[in-house]
>>> print(open('input.cif').read())   # mmCIF, C-alpha atoms
data_work
loop_
_atom_site.label_atom_id
_atom_site.label_comp_id
_atom_site.auth_asym_id
_atom_site.auth_seq_id
_atom_site.Cartn_x
_atom_site.Cartn_y
_atom_site.Cartn_z
CA MET A 980 0.00 0.00 0.00
CA ALA A 981 1.41 3.38 -0.99
CA ILE A 982 1.78 6.00 1.73
CA ASP A 983 -0.57 8.97 1.43
CA PHE A 984 1.93 11.79 1.85
CA SER A 985 -0.81 14.42 2.07
CA ILE A 986 -1.89 13.31 5.58
CA LYS A 987 -1.24 15.61 8.52
CA VAL A 988 1.66 14.44 10.69
CA ILE A 989 2.42 15.62 14.22
CA VAL A 990 5.98 15.35 15.57
CA VAL A 991 6.18 15.60 19.37
CA ASP A 992 9.43 16.13 21.27
CA ASP A 993 10.57 18.54 23.97
CA MET A 994 13.94 18.86 22.22
CA MET A 995 13.78 21.07 19.15
CA THR A 996 16.82 19.27 17.74
CA MET A 997 15.02 15.95 17.56
CA ARG A 998 11.80 17.53 16.22
CA LYS A 999 13.81 19.08 13.39
CA ILE A 1000 15.66 15.84 12.62
CA VAL A 1001 12.45 13.79 12.50
CA SER A 1002 10.56 16.45 10.50
CA LYS A 1003 13.39 16.80 8.03
CA ASN A 1004 13.48 13.04 7.44
CA LEU A 1005 9.71 12.82 7.04
CA LYS A 1006 9.81 15.71 4.54
CA ALA A 1007 12.56 13.90 2.64
CA MET A 1008 10.27 10.85 2.49
CA GLY A 1009 7.55 13.00 0.94
CA PHE A 1010 5.27 14.05 3.82
CA LYS A 1011 4.13 17.61 3.15
CA ASN A 1012 2.00 18.58 6.12
CA ILE A 1013 4.04 18.35 9.33
CA VAL A 1014 3.22 20.09 12.60
CA GLU A 1015 5.53 20.12 15.64
CA ALA A 1016 4.60 20.09 19.34
CA GLU A 1017 6.96 20.46 22.31
CA ASP A 1018 5.22 18.07 24.71
CA GLY A 1019 2.38 15.59 25.00
CA ALA A 1020 -0.07 18.11 26.47
CA LYS A 1021 0.35 20.47 23.52
CA ALA A 1022 0.09 17.54 21.10
CA TRP A 1023 -3.07 16.28 22.79
CA SER A 1024 -4.65 19.71 22.43
CA LEU A 1025 -3.74 19.88 18.71
CA LEU A 1026 -4.89 16.29 18.06
CA THR A 1027 -8.31 16.69 19.68
CA GLN A 1028 -8.88 20.11 18.11
CA ALA A 1029 -8.01 18.81 14.64
CA ALA A 1030 -10.28 15.77 15.08
CA ASP A 1031 -13.15 17.96 16.29
CA ASP A 1032 -12.65 20.20 13.24
CA GLY A 1033 -12.92 17.18 10.97
CA LYS A 1034 -9.29 17.50 9.83
CA PRO A 1035 -7.59 14.86 11.97
CA PHE A 1036 -3.89 14.05 12.01
CA GLY A 1037 -3.06 10.86 10.14
CA PHE A 1038 0.22 10.00 11.87
CA ILE A 1039 1.79 10.69 15.28
CA VAL A 1040 5.56 10.52 15.91
CA SER A 1041 6.27 11.11 19.58
CA ASP A 1042 9.16 11.09 21.98
CA TRP A 1043 8.57 9.17 25.22
CA ASN A 1044 10.32 11.24 27.92
CA MET A 1045 8.80 14.71 27.96
CA PRO A 1046 7.58 17.15 30.61
CA LYS A 1047 3.86 17.84 31.21
CA MET A 1048 2.61 14.73 29.38
CA ASP A 1049 4.95 11.97 28.26
CA GLY A 1050 4.64 9.84 25.13
CA LEU A 1051 3.15 6.84 26.91
CA GLU A 1052 0.37 8.92 28.43
CA LEU A 1053 -0.29 10.54 25.05
CA LEU A 1054 -0.46 7.12 23.39
CA THR A 1055 -2.83 5.83 26.09
CA LYS A 1056 -5.15 8.80 25.66
CA VAL A 1057 -5.11 8.49 21.86
CA ARG A 1058 -5.98 4.79 21.99
CA ALA A 1059 -8.83 5.49 24.42
CA THR A 1060 -10.46 8.15 22.25
CA ASP A 1061 -12.94 7.05 19.59
CA ASN A 1062 -12.05 9.51 16.82
CA LEU A 1063 -8.28 9.17 17.39
CA LYS A 1064 -7.68 5.55 18.35
CA GLU A 1065 -6.87 4.29 14.84
CA THR A 1066 -4.12 6.91 14.28
CA PRO A 1067 -0.74 5.29 13.56
CA PHE A 1068 1.65 6.08 16.42
CA LEU A 1069 5.45 5.81 16.22
CA MET A 1070 7.18 6.12 19.61
CA VAL A 1071 10.74 7.44 19.73
CA THR A 1072 12.71 6.58 22.82
CA ALA A 1073 16.24 6.73 24.16
CA GLU A 1074 15.57 3.78 26.46
CA ALA A 1075 15.80 0.32 24.96
CA GLU A 1076 15.01 -1.74 28.05
CA SER A 1077 12.64 -4.60 27.26
CA SER A 1078 10.27 -3.66 30.09
CA ASN A 1079 9.75 -0.29 28.42
CA VAL A 1080 9.19 -1.83 25.02
CA LEU A 1081 6.51 -4.08 26.54
CA LYS A 1082 4.77 -1.07 28.10
CA VAL A 1083 4.33 0.73 24.77
CA VAL A 1084 3.40 -2.44 22.92
CA LYS A 1085 0.69 -3.13 25.51
CA ALA A 1086 -0.50 0.45 25.16
CA GLY A 1087 -1.01 -0.08 21.43
CA VAL A 1088 1.96 1.57 19.76
CA SER A 1089 2.21 0.98 15.99
CA ASN A 1090 5.99 0.79 16.10
CA PHE A 1091 8.88 2.25 18.07
CA ILE A 1092 12.37 3.47 17.30
CA VAL A 1093 15.31 3.64 19.68
CA LYS A 1094 17.67 6.62 19.59
CA PRO A 1095 20.24 6.96 18.14
CA PHE A 1096 18.85 6.09 14.72
CA THR A 1097 19.81 6.65 11.10
CA PRO A 1098 17.47 8.25 8.52
CA ASP A 1099 17.16 4.81 6.88
CA THR A 1100 15.95 3.26 10.14
CA LEU A 1101 13.30 5.94 10.56
CA THR A 1102 12.16 5.56 6.95
CA GLY A 1103 11.94 1.78 7.36
CA LYS A 1104 9.79 2.07 10.52
CA VAL A 1105 7.42 4.52 8.83
CA GLN A 1106 7.10 2.33 5.73
CA LYS A 1107 6.37 -0.68 7.93
CA ILE A 1108 3.60 1.17 9.75
CA PHE A 1109 1.87 2.12 6.49
CA SER A 1110 2.46 -1.13 4.64
CA MET B 386 39.36 -4.67 49.35
CA LYS B 387 36.62 -2.10 49.61
CA THR B 388 38.53 0.28 47.30
CA GLU B 389 39.25 -2.45 44.81
CA THR B 390 35.58 -3.38 44.69
CA PHE B 391 34.65 0.23 44.24
CA ASN B 392 37.09 0.69 41.34
CA GLN B 393 35.83 -2.42 39.58
CA ARG B 394 32.32 -1.15 40.03
CA TYR B 395 33.33 2.27 38.75
CA LEU B 396 34.83 0.79 35.60
CA ALA B 397 31.66 -1.19 34.97
CA PHE B 398 29.72 2.02 35.48
CA THR B 399 31.80 4.13 33.08
CA LYS B 400 32.13 1.88 30.03
CA PRO B 401 28.45 1.92 28.95
CA PHE B 402 28.54 5.73 28.76
CA VAL B 403 31.66 5.71 26.59
CA ASP B 404 30.15 3.07 24.28
CA SER B 405 26.91 5.00 24.08
CA VAL B 406 28.60 8.27 23.02
CA LYS B 407 30.57 6.39 20.36
CA GLU B 408 27.37 4.90 18.98
CA ILE B 409 25.60 8.27 18.83
CA TYR B 410 28.42 9.86 16.84
CA SER B 411 28.65 6.87 14.56
CA THR B 412 24.89 6.57 13.94
CA MET B 413 23.66 10.14 13.90
CA MET B 414 26.74 11.99 12.68
CA ALA B 415 28.48 9.30 10.62
CA THR B 416 31.63 10.15 12.58
CA GLU B 417 34.07 7.87 14.28
CA ILE B 418 35.29 9.24 17.59
CA HIS B 419 38.50 8.20 19.30
CA GLN B 420 38.74 7.79 23.03
CA GLY B 421 41.82 9.28 24.68
CA LYS B 422 43.34 8.25 27.98
CA ALA B 423 40.84 8.58 30.78
CA LEU B 424 41.95 10.66 33.76
CA TYR B 425 40.84 10.84 37.34
CA LYS B 426 39.88 14.46 37.68
CA ARG B 427 41.48 16.41 40.47
CA GLU B 428 41.35 20.11 41.19
CA ASP B 429 44.63 20.60 39.34
CA ILE B 430 43.50 19.04 36.05
CA GLY B 431 42.31 22.19 34.40
CA PHE B 432 40.20 22.14 31.28
CA SER B 433 37.48 24.40 30.05
CA HIS B 434 34.99 24.29 27.24
CA ASP B 435 32.34 26.64 25.89
CA TYR B 436 29.22 24.49 25.92
CA LEU B 437 28.44 22.07 28.68
CA THR B 438 25.50 19.84 29.45
CA ILE B 439 24.86 18.11 32.77
CA MET B 440 22.50 15.32 33.81
CA GLY B 441 22.03 14.13 37.37
CA ILE B 442 22.03 10.39 37.90
CA SER B 443 20.88 8.42 40.92
CA GLY B 444 20.03 4.83 41.62
CA THR B 445 21.10 1.61 43.26
CA PHE B 446 23.82 -0.91 42.58
CA THR B 447 23.10 -4.51 43.52
CA ALA B 448 25.79 -7.15 43.97
CA GLN B 449 25.63 -10.37 45.98
CA ASP B 450 22.15 -9.40 47.22
CA GLU B 451 23.56 -6.20 48.72
CA LYS B 452 22.18 -2.86 47.61
CA HIS B 453 24.22 0.32 47.51
CA ASP B 454 22.77 3.73 46.75
CA PHE B 455 24.76 5.94 44.44
CA ARG B 456 24.46 9.32 42.80
CA GLY B 457 26.46 11.24 40.28
CA ASN B 458 26.49 13.41 37.20
CA LEU B 459 27.08 12.92 33.52
CA VAL B 460 28.74 15.94 31.92
CA LEU B 461 29.49 16.43 28.24
CA SER B 462 31.42 19.50 27.13
CA TRP B 463 32.50 20.91 23.79
CA PRO B 464 34.57 23.86 22.60
CA LEU B 465 32.31 26.19 20.58
CA GLN B 466 33.60 25.13 17.15
CA THR B 467 33.30 21.42 17.97
CA TYR B 468 29.75 22.02 19.18
CA LEU B 469 28.87 23.82 15.94
CA ASN B 470 30.47 21.05 13.88
CA THR B 471 28.64 18.38 15.90
CA ALA B 472 25.28 20.14 15.55
CA GLY B 473 25.93 20.63 11.83
CA ALA B 474 26.68 16.95 11.32
CA MET B 475 23.59 15.93 13.29
CA MET B 476 21.23 18.36 11.54
CA GLN B 477 22.97 18.21 8.16
CA GLU B 478 23.30 22.00 8.09
CA GLU B 479 26.08 24.52 8.64
CA TYR B 480 26.08 26.71 11.74
CA THR B 481 28.29 29.65 12.70
CA GLU B 482 26.65 30.36 16.05
CA ILE B 483 24.47 28.63 18.63
CA ASN B 484 20.85 29.45 17.78
CA ASP B 485 17.49 28.11 19.00
CA GLU B 486 17.61 25.24 16.52
CA ILE B 487 20.81 23.77 17.94
CA ALA B 488 20.72 25.04 21.53
CA ASP B 489 19.55 21.65 22.77
CA VAL B 490 21.77 19.41 20.61
CA GLY B 491 24.04 18.86 23.62
CA MET B 492 21.13 17.99 25.89
CA GLU B 493 19.76 15.55 23.35
CA ILE B 494 23.17 13.87 23.04
CA CYS B 495 23.27 13.69 26.85
CA ASN B 496 19.77 12.16 26.93
CA ILE B 497 20.59 9.54 24.32
CA THR B 498 23.93 8.77 26.00
CA MET B 499 22.16 8.09 29.28
CA GLY B 500 19.35 6.13 27.61
CA GLY B 501 21.81 3.91 25.78
CA ALA B 502 23.97 3.38 28.86
CA LYS B 503 20.97 2.63 31.07
CA ALA B 504 20.14 -0.66 29.37
CA THR B 505 23.73 -1.92 29.66
CA LEU B 506 24.06 -0.69 33.23
CA ALA B 507 20.99 -2.72 34.18
CA GLN B 508 22.80 -5.85 32.96
CA VAL B 509 25.71 -5.21 35.35
CA GLY B 510 23.59 -4.46 38.39
CA PHE B 511 22.92 -0.72 38.20
CA SER B 512 19.38 0.54 38.37
CA VAL B 513 19.46 4.14 37.20
CA ASP B 514 17.02 7.05 37.33
CA MET B 515 17.62 9.77 34.77
CA SER B 516 16.89 13.44 35.27
CA ILE B 517 16.31 16.11 32.64
CA PRO B 518 19.64 17.57 31.48
CA THR B 519 20.52 21.23 31.67
CA SER B 520 23.03 23.12 29.60
CA VAL B 521 25.33 26.06 30.07
CA SER B 522 27.10 27.98 27.35
CA GLY B 523 29.71 30.68 27.70
CA ASN B 524 33.44 31.05 27.41
CA ASN B 525 35.81 28.58 29.01
CA ILE B 526 33.48 27.07 31.56
CA ASP B 527 35.01 24.66 34.03
CA ILE B 528 33.51 22.38 36.63
CA SER B 529 35.54 21.66 39.72
CA ALA B 530 35.94 18.07 40.79
CA GLN B 531 33.78 17.27 43.80
CA ALA B 532 35.92 16.25 46.74
CA SER B 533 33.42 13.64 47.94
CA ALA B 534 32.95 11.97 44.55
CA THR B 535 35.18 10.04 42.17
CA THR B 536 35.32 11.91 38.89
CA ILE B 537 36.67 10.50 35.67
CA LEU B 538 37.26 12.54 32.56
CA VAL B 539 37.27 10.80 29.18
CA PRO B 540 38.59 12.93 26.29
CA PHE B 541 37.44 12.20 22.73
CA SER B 542 38.84 13.35 19.41
CA SER B 543 37.20 13.24 16.00
CA ASP B 544 37.05 15.02 12.65
CA LEU B 545 34.47 17.30 14.24
CA GLY B 546 36.88 18.32 17.01
CA ASN B 547 37.69 17.33 20.57
CA PHE B 548 35.23 17.06 23.43
CA ASN B 549 35.01 15.53 26.90
CA LEU B 550 32.79 13.21 28.84
CA GLU B 551 32.92 13.42 32.62
CA LEU B 552 31.30 11.11 35.09
CA ASN B 553 31.24 11.55 38.77
CA TYR B 554 30.10 8.79 41.06
CA GLU B 555 29.54 8.68 44.76
CA GLU B 556 28.28 6.00 47.13
CA PRO B 557 27.21 7.83 50.29
CA SER B 558 27.48 4.70 52.43
CA GLU B 559 31.19 4.25 51.55
CA LYS B 560 32.31 7.63 52.82
#
>>> encode(input="input.cif", output="structure tokens")
Amino acid sequence: MAIDFSIKVIVVDDMMTMRKIVSKNLKAMGFKNIVEAEDGAKAWSLLTQAADDGKPFGFIVSDWNMPKMDGLELLTKVRATDNLKETPFLMVTAEAESSNVLKVVKAGVSNFIVKPFTPDTLTGKVQKIFS
Amino acid sequence: MKTETFNQRYLAFTKPFVDSVKEIYSTMMATEIHQGKALYKREDIGFSHDYLTIMGISGTFTAQDEKHDFRGNLVLSWPLQTYLNTAGAMMQEEYTEINDEIADVGMEICNITMGGAKATLAQVGFSVDMSIPTSVSGNNIDISAQASATTILVPFSSDLGNFNLELNYEEPSEK
């Protein structure tokens, strides 16, 4: 299945560096409509607003460790909300411990990527989610 | 015997951080970094860099069913030009000054270093809690060695320039 590059994508990370790196790689893949948020709370507000407006985001890429609302809480809220729960969710994390991986898998993550990663690794994860 | 045990423990504690930094540079900056001779930092080992990021570390070390609390800090520091080169390699851009876009490159490297080390540390008995890193930039910033802690300084060289990793480690119960 080809990826629909016109979908709205939200990239969530408290570090601007990582938001820029992820956004740049997604743009290079072909995604045209990318919005950035600095924490889970801001992302949650944007996600619910967009869904209520009938223009929902089609893909979420989120860091795990963030202030205010972390990635796991954001994922849990997304999966518990009727008009958001089907949204593909890629979790980015610096922690590769298996107990953490299990937590996000149980919470319904579409895929996860461990930092540090190469552009090819990110591209591969995204393609897998949409295949 | 106590000192010997502590040193062995300290070596086991340090190596995952060094390996993690190497992997970050290799993966995200396509740069091989070379580790220099590690030094125990004393007051008289002077060095100073322009950009510095610090993360507090705390946790427990378990060996032979005995738990020891520990705390410490991870510090990464770069001269300005090395920092700009590092940020440029990571973001695939060219920078001549530290701006908003690259102000947190150091903190992100610190985060990933700790995250990568954490998994390996767990395998050798360390349970670690991470804090959120902070950064300081200026001219020739130095951090004094803490008298109560063991501090090791690991210098690195690369095509992007030289930089340092510092780890201090303290077990309150061993004082």
>>> atom_distance(input="input.cif", atom1="CA of Gly501 (chain B)", atom2="CA of Ala1020 (chain A)")
26.1 Å
>>> atom_distance(input="input.cif", atom1="CA of Ile418 (chain B)", atom2="CA of Phe541 (chain B)")
6.3 Å
>>> closest_atom_pairs(input="input.cif", of="chain A", to="chain B", cutoff="9 Å", atoms="all atoms listed in the file", output="JSON lines")
{"residue": "A:Met994", "atom": "CA", "partner": "B:Asp489", "partner_atom": "CA", "distance": 6.3}
{"residue": "A:Met995", "atom": "CA", "partner": "B:Glu486", "partner_atom": "CA", "distance": 6.2}
{"residue": "A:Thr996", "atom": "CA", "partner": "B:Val490", "partner_atom": "CA", "distance": 5.7}
{"residue": "A:Met997", "atom": "CA", "partner": "B:Glu493", "partner_atom": "CA", "distance": 7.5}
{"residue": "A:Lys999", "atom": "CA", "partner": "B:Met476", "partner_atom": "CA", "distance": 7.7}
{"residue": "A:Ile1000", "atom": "CA", "partner": "B:Met476", "partner_atom": "CA", "distance": 6.2}
{"residue": "A:Lys1003", "atom": "CA", "partner": "B:Met476", "partner_atom": "CA", "distance": 8.7}
{"residue": "A:Met1045", "atom": "CA", "partner": "B:Ile517", "partner_atom": "CA", "distance": 9.0}
{"residue": "A:Thr1072", "atom": "CA", "partner": "B:Gly500", "partner_atom": "CA", "distance": 8.2}
{"residue": "A:Ala1073", "atom": "CA", "partner": "B:Gly500", "partner_atom": "CA", "distance": 4.7}
{"residue": "A:Glu1074", "atom": "CA", "partner": "B:Gly500", "partner_atom": "CA", "distance": 4.6}
{"residue": "A:Ala1075", "atom": "CA", "partner": "B:Ala504", "partner_atom": "CA", "distance": 6.3}
{"residue": "A:Glu1076", "atom": "CA", "partner": "B:Ala504", "partner_atom": "CA", "distance": 5.4}
{"residue": "A:Ser1077", "atom": "CA", "partner": "B:Ala504", "partner_atom": "CA", "distance": 8.7}
{"residue": "A:Val1093", "atom": "CA", "partner": "B:Gly501", "partner_atom": "CA", "distance": 8.9}
{"residue": "A:Lys1094", "atom": "CA", "partner": "B:Ile497", "partner_atom": "CA", "distance": 6.3}
{"residue": "A:Pro1095", "atom": "CA", "partner": "B:Ile409", "partner_atom": "CA", "distance": 5.6}
{"residue": "A:Phe1096", "atom": "CA", "partner": "B:Thr412", "partner_atom": "CA", "distance": 6.1}
{"residue": "A:Thr1097", "atom": "CA", "partner": "B:Thr412", "partner_atom": "CA", "distance": 5.8}
{"residue": "A:Pro1098", "atom": "CA", "partner": "B:Met413", "partner_atom": "CA", "distance": 8.4}
>>> atom_distance(input="input.cif", atom1="CA of Ser522 (chain B)", atom2="CA of Gly421 (chain B)")
23.9 Å
>>> resolve_selection(input="input.cif", expression="the PyMOL selection byres ((chain B and resi 536) around 7)", output="compact mmCIF listing (two decimals) with C-alpha atoms, in the frame of the given file")
# COMPACT_ATOMS: atom_id res chain seq x y z
CA TYR B 425 40.84 10.84 37.34
CA LYS B 426 39.88 14.46 37.68
CA ALA B 530 35.94 18.07 40.79
CA ALA B 534 32.95 11.97 44.55
CA THR B 535 35.18 10.04 42.17
CA ILE B 537 36.67 10.50 35.67
CA LEU B 538 37.26 12.54 32.56
CA GLU B 551 32.92 13.42 32.62
CA LEU B 552 31.30 11.11 35.09
CA ASN B 553 31.24 11.55 38.77
CA TYR B 554 30.10 8.79 41.06
>>> resolve_selection(input="input.cif", expression="the PyMOL selection byres ((chain B and resi 465) around 9)", output="list in words")
His434, Asp435, Tyr436, Trp463, Pro464, Gln466, Thr467, Tyr468, Leu469, Asn470, Glu482, Ile483, Ser522, Gly523 and Asn524 of chain B
>>> resolve_selection(input="input.cif", expression="the PyMOL selection byres ((chain A and resi 1087) around 10)", output="PyMOL selection string")
chain A and resi 1051+1054-1055+1057-1058+1064-1065+1067-1068+1081-1086+1088-1090
>>> residues_around(input="input.cif", residues="region 1030-1040 of chain A", least_positions_apart="4", cutoff="8 Å", atoms="all atoms listed in the file", output="list in words")
Ile986, Lys987, Val988, Ile989, Val990, Val991, Leu1026, Asn1062, Leu1063, Thr1066, Pro1067, Phe1068, Leu1069, Met1070 and Val1071 of chain A
>>> residues_near_point(input="input.cif", point="(14.0, 8.3, 42.1)", cutoff="10 Å", atoms="all atoms listed in the file", output="list in words")
Ile442, Ser443, Gly444, Thr445, Val513, Asp514, Met515 and Ser516 of chain B
>>> residues_around(input="input.cif", residues="Asp992 (chain A)", least_positions_apart="5", cutoff="6 Å", atoms="only C-alpha atoms", output="ChimeraX atom specification")
/A:998,1017-1018,1042
>>> decode(input="input.cif", residues="region 1026-1098 of chain A", atoms="C-alpha atoms", output="CSV table (one decimal), in the first residue's frame")
chain,number,residue,atom,x,y,z
A,1026,LEU,CA,-4.9,16.3,18.1
A,1027,THR,CA,-8.3,16.7,19.7
A,1028,GLN,CA,-8.9,20.1,18.1
A,1029,ALA,CA,-8.0,18.8,14.6
A,1030,ALA,CA,-10.3,15.8,15.1
A,1031,ASP,CA,-13.2,18.0,16.3
A,1032,ASP,CA,-12.6,20.2,13.2
A,1033,GLY,CA,-12.9,17.2,11.0
A,1034,LYS,CA,-9.3,17.5,9.8
A,1035,PRO,CA,-7.6,14.9,12.0
A,1036,PHE,CA,-3.9,14.1,12.0
A,1037,GLY,CA,-3.1,10.9,10.1
A,1038,PHE,CA,0.2,10.0,11.9
A,1039,ILE,CA,1.8,10.7,15.3
A,1040,VAL,CA,5.6,10.5,15.9
A,1041,SER,CA,6.3,11.1,19.6
A,1042,ASP,CA,9.2,11.1,22.0
A,1043,TRP,CA,8.6,9.2,25.2
A,1044,ASN,CA,10.3,11.2,27.9
A,1045,MET,CA,8.8,14.7,28.0
A,1046,PRO,CA,7.6,17.2,30.6
A,1047,LYS,CA,3.9,17.8,31.2
A,1048,MET,CA,2.6,14.7,29.4
A,1049,ASP,CA,5.0,12.0,28.3
A,1050,GLY,CA,4.6,9.8,25.1
A,1051,LEU,CA,3.1,6.8,26.9
A,1052,GLU,CA,0.4,8.9,28.4
A,1053,LEU,CA,-0.3,10.5,25.1
A,1054,LEU,CA,-0.5,7.1,23.4
A,1055,THR,CA,-2.8,5.8,26.1
A,1056,LYS,CA,-5.2,8.8,25.7
A,1057,VAL,CA,-5.1,8.5,21.9
A,1058,ARG,CA,-6.0,4.8,22.0
A,1059,ALA,CA,-8.8,5.5,24.4
A,1060,THR,CA,-10.5,8.2,22.2
A,1061,ASP,CA,-12.9,7.1,19.6
A,1062,ASN,CA,-12.1,9.5,16.8
A,1063,LEU,CA,-8.3,9.2,17.4
A,1064,LYS,CA,-7.7,5.5,18.4
A,1065,GLU,CA,-6.9,4.3,14.8
A,1066,THR,CA,-4.1,6.9,14.3
A,1067,PRO,CA,-0.7,5.3,13.6
A,1068,PHE,CA,1.6,6.1,16.4
A,1069,LEU,CA,5.4,5.8,16.2
A,1070,MET,CA,7.2,6.1,19.6
A,1071,VAL,CA,10.7,7.4,19.7
A,1072,THR,CA,12.7,6.6,22.8
A,1073,ALA,CA,16.2,6.7,24.2
A,1074,GLU,CA,15.6,3.8,26.5
A,1075,ALA,CA,15.8,0.3,25.0
A,1076,GLU,CA,15.0,-1.7,28.0
A,1077,SER,CA,12.6,-4.6,27.3
A,1078,SER,CA,10.3,-3.7,30.1
A,1079,ASN,CA,9.7,-0.3,28.4
A,1080,VAL,CA,9.2,-1.8,25.0
A,1081,LEU,CA,6.5,-4.1,26.5
A,1082,LYS,CA,4.8,-1.1,28.1
A,1083,VAL,CA,4.3,0.7,24.8
A,1084,VAL,CA,3.4,-2.4,22.9
A,1085,LYS,CA,0.7,-3.1,25.5
A,1086,ALA,CA,-0.5,0.5,25.2
A,1087,GLY,CA,-1.0,-0.1,21.4
A,1088,VAL,CA,2.0,1.6,19.8
A,1089,SER,CA,2.2,1.0,16.0
A,1090,ASN,CA,6.0,0.8,16.1
A,1091,PHE,CA,8.9,2.2,18.1
A,1092,ILE,CA,12.4,3.5,17.3
A,1093,VAL,CA,15.3,3.6,19.7
A,1094,LYS,CA,17.7,6.6,19.6
A,1095,PRO,CA,20.2,7.0,18.1
A,1096,PHE,CA,18.8,6.1,14.7
A,1097,THR,CA,19.8,6.6,11.1
A,1098,PRO,CA,17.5,8.2,8.5
